[in-house]
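Text of protein-v2.txt (compact mmCIF, C-alpha atoms and all ligand atoms) as supplied:
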```
# COMPACT_ATOMS: atom_id res chain seq x y z
CA MET A 73 122.22 135.17 80.31
CA ASP A 74 119.01 133.19 80.37
CA GLY A 75 118.60 130.34 82.85
CA GLY A 76 118.58 127.60 80.22
CA LEU A 77 121.87 128.69 78.71
CA LEU A 78 123.49 129.04 82.12
CA THR A 79 122.36 125.51 83.07
CA ALA A 80 123.72 124.16 79.77
CA LEU A 81 127.08 125.82 80.38
CA LEU A 82 127.26 124.62 83.96
CA ASP A 83 126.37 121.09 82.83
CA LEU A 84 129.22 121.22 80.36
CA CYS A 85 131.72 122.20 83.05
CA PHE A 86 130.20 120.15 85.89
CA PRO A 87 128.14 117.30 84.40
CA PRO A 88 125.24 116.38 86.68
CA ARG A 89 125.88 113.17 88.57
CA CYS A 90 123.57 110.41 89.73
CA VAL A 91 123.14 110.74 93.51
CA ALA A 92 123.64 106.99 93.99
CA CYS A 93 126.47 105.92 91.66
CA ALA A 94 128.00 109.38 91.02
CA LEU A 95 128.19 108.67 87.30
CA GLY A 96 128.09 111.83 85.24
CA VAL A 97 125.07 111.67 82.90
CA GLU A 98 123.08 114.12 80.85
CA ARG A 99 120.45 115.88 82.87
CA VAL A 100 117.62 114.52 80.74
CA TYR A 101 118.45 111.01 81.92
CA LEU A 102 118.33 111.82 85.62
CA ASP A 103 114.93 111.41 87.26
CA ALA A 104 113.37 113.92 89.65
CA LEU A 105 115.28 112.40 92.56
CA GLY A 106 118.61 112.63 90.76
CA LEU A 107 118.92 108.92 89.91
CA CYS A 108 120.29 107.59 86.62
CA PRO A 109 118.16 104.97 84.78
CA GLY A 110 120.40 102.09 85.96
CA CYS A 111 120.11 103.04 89.62
CA ARG A 112 116.40 103.74 89.29
CA ARG A 113 115.87 100.19 87.99
CA GLY A 114 118.24 98.80 90.63
CA LEU A 115 116.13 100.17 93.48
CA GLY A 116 113.42 97.63 92.79
CA GLY A 117 109.95 97.67 94.22
CA PRO A 118 108.78 97.44 97.80
CA VAL A 119 108.66 94.10 99.59
CA GLU A 120 106.67 92.86 102.56
CA ARG A 121 108.55 93.05 105.85
CA CYS A 122 108.16 91.68 109.34
CA LEU A 123 106.35 94.24 111.49
CA ALA A 124 108.54 93.43 114.49
CA CYS A 125 112.03 93.51 112.98
CA ALA A 126 111.59 94.73 109.37
CA ARG A 127 113.35 91.71 107.88
CA GLN A 128 112.04 90.78 104.48
CA VAL A 129 109.20 88.25 104.71
CA GLY A 130 109.14 85.68 101.95
CA PRO A 131 111.85 84.58 99.59
CA GLU A 132 111.89 87.48 97.16
CA PRO A 133 110.37 90.83 96.33
CA VAL A 134 106.64 90.47 96.03
CA ARG A 135 103.81 92.56 94.81
CA ARG A 136 102.36 94.75 97.48
CA LEU A 137 99.83 92.81 99.49
CA GLY A 138 96.68 94.21 100.99
CA ARG A 139 96.81 94.74 104.77
CA ALA A 140 94.65 91.70 105.43
CA GLU A 141 96.89 89.36 103.44
CA ALA A 142 100.18 90.71 104.75
CA ARG A 143 102.05 88.41 107.09
CA GLN A 144 102.69 89.99 110.42
CA THR A 145 105.99 88.57 111.55
CA CYS A 146 108.97 86.62 110.26
CA GLU A 147 109.65 83.12 111.58
CA ARG A 148 112.37 84.49 113.81
CA CYS A 149 110.12 86.92 115.62
CA ALA A 150 107.35 84.36 115.97
CA GLY A 151 109.71 81.54 117.00
CA PRO A 152 110.70 80.22 120.44
CA HIS A 153 113.57 82.68 120.87
CA ALA A 154 111.44 85.68 119.98
CA GLU A 155 111.44 86.85 123.60
CA GLU A 156 115.17 87.56 123.54
CA ASP A 157 115.63 88.28 119.84
CA ALA A 158 112.79 90.41 118.66
CA LEU A 159 113.18 94.14 118.65
CA ALA A 160 109.50 94.85 118.90
CA THR A 161 106.33 93.15 119.95
CA PRO A 162 104.15 92.30 116.99
CA ARG A 163 100.67 93.65 117.30
CA HIS A 164 98.97 90.31 117.59
CA ALA A 165 101.15 89.15 120.52
CA SER A 166 98.92 88.12 123.37
CA ALA A 167 101.19 89.06 126.29
CA PRO A 168 101.23 92.73 127.21
CA SER A 169 104.38 94.25 125.80
CA ARG A 170 107.15 95.59 127.95
CA ARG A 171 109.36 96.27 124.96
CA ALA A 172 110.17 99.85 124.14
CA ILE A 173 109.69 99.47 120.39
CA ARG A 174 106.21 99.13 118.93
CA GLY A 175 107.32 98.11 115.45
CA VAL A 176 110.07 98.46 112.87
CA VAL A 177 109.62 99.74 109.33
CA ALA A 178 112.28 99.74 106.61
CA ALA A 179 112.21 100.93 103.03
CA TRP A 180 114.87 98.54 101.72
CA THR A 181 117.25 95.77 102.59
CA TYR A 182 120.82 97.11 102.88
CA GLY A 183 122.64 96.35 99.66
CA GLY A 184 122.83 97.38 96.01
CA VAL A 185 121.56 100.82 95.07
CA PRO A 186 120.02 101.60 98.50
CA ARG A 187 123.44 100.89 100.01
CA ASP A 188 125.06 103.21 97.44
CA LEU A 189 122.64 105.94 98.50
CA VAL A 190 123.43 105.47 102.19
CA VAL A 191 127.18 105.49 101.51
CA ALA A 192 126.81 108.62 99.34
CA LEU A 193 124.88 110.33 102.12
CA LYS A 194 127.09 109.27 105.02
CA PHE A 195 130.57 109.21 103.62
CA HIS A 196 130.62 111.33 100.47
CA ALA A 197 128.59 114.32 101.64
CA ARG A 198 126.09 113.84 98.79
CA THR A 199 123.17 115.09 100.86
CA ALA A 200 120.81 114.88 97.86
CA ALA A 201 120.88 111.11 98.44
CA ALA A 202 118.69 111.68 101.49
CA ARG A 203 115.61 112.39 99.36
CA PRO A 204 115.13 109.09 97.54
CA LEU A 205 115.84 107.24 100.80
CA ALA A 206 113.41 109.36 102.80
CA LEU A 207 110.61 109.28 100.21
CA ALA A 208 110.70 105.48 100.08
CA LEU A 209 110.71 105.37 103.86
CA ALA A 210 107.74 107.72 104.08
CA GLU A 211 105.91 105.47 101.63
CA ALA A 212 106.71 102.38 103.72
CA LEU A 213 105.45 104.15 106.86
CA ARG A 214 102.21 105.06 105.12
CA HIS A 215 101.78 101.50 103.91
CA ALA A 216 102.37 100.11 107.43
CA GLU A 217 99.81 102.58 108.83
CA VAL A 218 102.16 103.55 111.61
CA PRO A 219 100.71 105.81 114.30
CA GLY A 220 102.94 108.83 114.69
CA ASP A 221 102.62 112.48 115.62
CA LEU A 222 106.30 113.28 116.16
CA VAL A 223 109.33 112.51 114.00
CA VAL A 224 112.67 112.25 115.80
CA HIS A 225 116.03 110.99 114.55
CA VAL A 226 118.86 108.98 116.09
CA PRO A 227 121.35 111.79 116.70
CA LEU A 228 125.06 111.68 116.05
CA SER A 229 127.35 112.74 118.87
CA ALA A 230 128.31 116.42 118.82
CA LEU A 231 131.85 115.40 117.84
CA ARG A 232 130.76 113.28 114.87
CA ARG A 233 128.32 115.93 113.76
CA ARG A 234 131.09 118.53 113.71
CA GLN A 235 133.33 116.16 111.74
CA ARG A 236 130.66 115.40 109.14
CA GLY A 237 129.07 118.83 109.05
CA TYR A 238 125.54 117.42 109.10
CA ASP A 239 123.52 114.65 110.68
CA GLN A 240 122.42 112.14 108.04
CA ALA A 241 119.52 110.71 110.06
CA GLY A 242 118.40 114.29 110.74
CA LEU A 243 118.23 114.96 107.00
CA LEU A 244 116.16 111.81 106.48
CA ALA A 245 113.87 112.84 109.35
CA ARG A 246 113.33 116.28 107.82
CA HIS A 247 112.23 114.81 104.46
CA VAL A 248 110.07 112.11 106.07
CA ALA A 249 108.32 114.62 108.36
CA ARG A 250 107.63 116.95 105.44
CA THR A 251 106.36 114.18 103.21
CA LEU A 252 104.03 112.78 105.86
CA GLY A 253 103.03 116.19 107.21
CA VAL A 254 104.04 115.22 110.74
CA GLU A 255 105.74 117.47 113.29
CA ARG A 256 109.45 116.97 113.76
CA SER A 257 111.66 117.71 116.74
CA ARG A 258 115.40 118.04 116.25
CA ARG A 259 116.23 118.23 119.91
CA ALA A 260 113.94 115.66 121.46
CA LEU A 261 116.73 113.14 121.70
CA ARG A 262 120.36 113.77 122.61
CA ARG A 263 123.40 111.54 122.57
CA ARG A 264 125.08 111.86 125.95
CA ARG A 265 128.52 110.75 124.99
CA HIS A 266 130.52 109.78 121.97
CA THR A 267 130.30 106.04 121.25
CA ALA A 268 132.77 104.18 119.05
CA PRO A 269 131.64 103.45 115.47
CA GLN A 270 129.58 100.26 115.54
CA SER A 271 131.37 98.76 112.55
CA GLY A 272 134.52 98.16 114.62
CA LEU A 273 132.78 96.22 117.37
CA SER A 274 131.97 92.56 117.93
CA ARG A 275 128.32 91.50 117.90
CA SER A 276 128.01 91.36 121.69
CA ALA A 277 129.90 94.64 122.16
CA ARG A 278 127.57 96.24 119.62
CA ARG A 279 124.57 95.24 121.64
CA ARG A 280 126.07 96.59 124.87
CA ALA A 281 127.61 99.79 123.56
CA PRO A 282 124.74 102.25 123.27
CA ARG A 283 122.98 101.53 126.57
CA GLY A 284 122.38 104.76 128.47
CA ALA A 285 123.95 106.80 125.68
CA PHE A 286 120.75 108.72 124.90
CA VAL A 287 118.49 111.02 126.82
CA ALA A 288 115.12 112.38 125.69
CA ARG A 289 113.31 115.57 126.69
CA PRO A 290 109.97 114.93 128.36
CA SER A 291 108.75 118.40 127.35
CA ARG A 292 109.01 117.34 123.68
CA VAL A 293 108.04 113.67 123.72
CA ALA A 294 105.65 113.04 126.63
CA GLY A 295 102.31 111.75 125.37
CA ARG A 296 103.51 111.51 121.76
CA CYS A 297 103.62 108.59 119.31
CA VAL A 298 107.18 108.86 118.08
CA ILE A 299 108.59 107.77 114.72
CA LEU A 300 112.30 107.28 115.29
CA ILE A 301 114.37 107.66 112.11
CA ASP A 302 117.80 106.22 111.32
CA ASP A 303 119.66 105.35 108.13
CA VAL A 304 120.51 101.68 108.70
CA LEU A 305 119.33 99.17 111.30
CA THR A 306 121.77 96.35 112.07
CA SER A 307 121.56 94.80 115.55
CA GLY A 308 118.94 97.29 116.65
CA ALA A 309 120.87 98.08 119.85
CA THR A 310 121.09 101.79 119.12
CA ALA A 311 117.41 101.99 118.19
CA LYS A 312 116.53 100.13 121.37
CA ALA A 313 118.59 102.51 123.51
CA CYS A 314 116.87 105.50 121.89
CA ALA A 315 113.42 103.96 122.27
CA LEU A 316 114.06 103.30 125.97
CA ALA A 317 115.10 106.91 126.49
CA LEU A 318 111.99 108.14 124.64
CA ARG A 319 109.67 105.88 126.60
CA ARG A 320 111.29 106.92 129.88
CA ALA A 321 110.59 110.51 128.92
CA GLY A 322 106.91 109.65 128.51
CA ALA A 323 106.50 108.78 124.81
CA LEU A 324 103.34 106.68 124.31
CA SER A 325 104.92 104.55 121.58
CA VAL A 326 108.06 104.39 119.49
CA THR A 327 108.15 103.00 115.95
CA VAL A 328 111.60 102.61 114.45
CA ALA A 329 111.82 103.65 110.80
CA VAL A 330 115.00 103.06 108.83
CA ALA A 331 115.93 103.55 105.20
CA CYS A 332 117.72 100.18 105.15
CA ARG A 333 117.52 96.99 107.16
CA ALA A 334 120.81 95.08 107.23
CA GLU A 335 120.06 91.37 106.79
CA ARG A 336 122.65 88.65 106.72
CA GLY A 337 122.76 86.80 103.44
CA ARG A 338 120.76 89.41 101.58
CA GLY A 339 121.51 92.57 99.70
ZN ZN B 1 123.33 105.88 89.11
ZN ZN B 2 110.90 89.59 112.44
```

Translate this file's structure into structure tokens.
Ligand SMILES: [Zn+2]
Ligand SMILES: [Zn+2]
Amino acid sequence: MDGGLLTALLDLCFPPRCVACALGVERVYLDALGLCPGCRRGLGGPVERCLACARQVGPEPVRRLGRAEARQTCERCAGPHAEEDALATPRHASAPSRRAIRGVVAAWTYGGVPRDLVVALKFHARTAAARPLALALAEALRHAEVPGDLVVHVPLSALRRRQRGYDQAGLLARHVARTLGVERSRRALRRRRHTAPQSGLSRSARRRAPRGAFVARPSRVAGRCVILIDDVLTSGATAKACALALRRAGALSVTVAVACRAERGRG
């Protein structure tokens, strides 16, 4: 049987589905990333984001600005409480930084189609959803001109990984590393113990929970500029704990890169 006929037969029995909304559609309508036209439109274009926390800067999606015009930080990160609040130190900050995170990059705000993709990837084992997320993230990293010579992901605990069968941030990291042509290490960072799912915790407990939960291997990360990949950034506590572990192991810098930034009141 020729390949075309086989595909047609398979499509009849198992109609191809959009990786985001899982709607069965004819193959011709799916784009190269497996998205249906509705989801493709729903993804929207890139927006400018704060370099320190990756929150969207400005009221709505904007055209891509040139580097010189781009605003560096949101009001929150530049404001009086920035010392306690900000995840990272913006580049133009005058005081020498003692923070572990150099900057935060996100492809999208958590919500809508990007949220559907994350949910598909994390909870419905639709691993093909990793590609559109990772490609947009790689593009955002390029645009932000992030220094990086090692891609590392926020690892699941061994228990959670066994339950899920794969590590979603690891999948994102693989695609991002390939797209950018940067080396990737799967074992640079390890989760020491199983931590409770963050969604069940209060805000303050969330911030406390991951401290000391990660350990990094100096042999892999010392002297490297690390791009730390995760699917969603909420409080940033987990990313911070990872970045501290990486810096302790000798990483020169850590930039956090997430597919989605959770922002209250958006998405
Ligand atoms: Zn769809
Ligand atoms: Zn900010």

*Out of A:Lys194, A:Val100, A:Thr310, A:Arg187, which residue has the shortest atom-to-atom distance to A:Arg233 when counting only C-alpha atoms?*
A:Lys194

_Contacts of ligand ZN 1 (chain B), 7 Å or closer, only C-alpha atoms and all ligand atoms, given as a list of chain:residue names_ =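 For ligand ZN 1 (chain B), the residues inside 7 Å are A:Cys90, A:Val91, A:Ala92, A:Cys93, A:Ala94, A:Leu95, A:Leu107, A:Cys108, A:Pro109, A:Gly110, A:Cys111.
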
*Residue neighbourhood stretch 227-232 of chain A, 10 Å, all atoms listed in the file, exclusion window fewer than 4 positions, as a PyMOL selection string*: chain A and resi 236-242+258-267+269+285-286+301-302+314

Same residues, C-alpha atoms, saved as a short mmCIF file (atom, residue, chain, number, x, y, z; two decimals), in the frame of the given file:
```cif
data_model
loop_
_atom_site.label_atom_id
_atom_site.label_comp_id
_atom_site.auth_asym_id
_atom_site.auth_seq_id
_atom_site.Cartn_x
_atom_site.Cartn_y
_atom_site.Cartn_z
CA ARG A 236 130.66 115.40 109.14
CA GLY A 237 129.07 118.83 109.05
CA TYR A 238 125.54 117.42 109.10
CA ASP A 239 123.52 114.65 110.68
CA GLN A 240 122.42 112.14 108.04
CA ALA A 241 119.52 110.71 110.06
CA GLY A 242 118.40 114.29 110.74
CA ARG A 258 115.40 118.04 116.25
CA ARG A 259 116.23 118.23 119.91
CA ALA A 260 113.94 115.66 121.46
CA LEU A 261 116.73 113.14 121.70
CA ARG A 262 120.36 113.77 122.61
CA ARG A 263 123.40 111.54 122.57
CA ARG A 264 125.08 111.86 125.95
CA ARG A 265 128.52 110.75 124.99
CA HIS A 266 130.52 109.78 121.97
CA THR A 267 130.30 106.04 121.25
CA PRO A 269 131.64 103.45 115.47
CA ALA A 285 123.95 106.80 125.68
CA PHE A 286 120.75 108.72 124.90
CA ILE A 301 114.37 107.66 112.11
CA ASP A 302 117.80 106.22 111.32
CA CYS A 314 116.87 105.50 121.89
#
```

Could you give me, as a tab-separated table, every chain A residue with an atom at most 7 Å from ligand ZN 2 (chain B), plus its closest atom pair and distance in Å to one decimal, counting all atoms listed in the file, rows ordered by chain then number?
```
residue	atom	partner	partner_atom	distance
A:Cys122	CA	B:ZN2	ZN	4.6
A:Leu123	CA	B:ZN2	ZN	6.6
A:Ala124	CA	B:ZN2	ZN	5.0
A:Cys125	CA	B:ZN2	ZN	4.1
A:Ala126	CA	B:ZN2	ZN	6.0
A:Arg127	CA	B:ZN2	ZN	5.6
A:Thr145	CA	B:ZN2	ZN	5.1
A:Cys146	CA	B:ZN2	ZN	4.2
A:Glu147	CA	B:ZN2	ZN	6.6
A:Arg148	CA	B:ZN2	ZN	5.5
A:Cys149	CA	B:ZN2	ZN	4.2
A:Ala158	CA	B:ZN2	ZN	6.6
```

Could those selected residues go to a file with C-alpha atoms, as a compact mmCIF listing (two decimals), keeping the file's coordinate frame?
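Saved result, result.txt, follows:
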```txt
# COMPACT_ATOMS: atom_id res chain seq x y z
CA CYS A 122 108.16 91.68 109.34
CA LEU A 123 106.35 94.24 111.49
CA ALA A 124 108.54 93.43 114.49
CA CYS A 125 112.03 93.51 112.98
CA ALA A 126 111.59 94.73 109.37
CA ARG A 127 113.35 91.71 107.88
CA THR A 145 105.99 88.57 111.55
CA CYS A 146 108.97 86.62 110.26
CA GLU A 147 109.65 83.12 111.58
CA ARG A 148 112.37 84.49 113.81
CA CYS A 149 110.12 86.92 115.62
CA ALA A 158 112.79 90.41 118.66
```

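Straight-line separation from atom CA of A:Val176 to atom CA of A:Val328: 4.7 Å.
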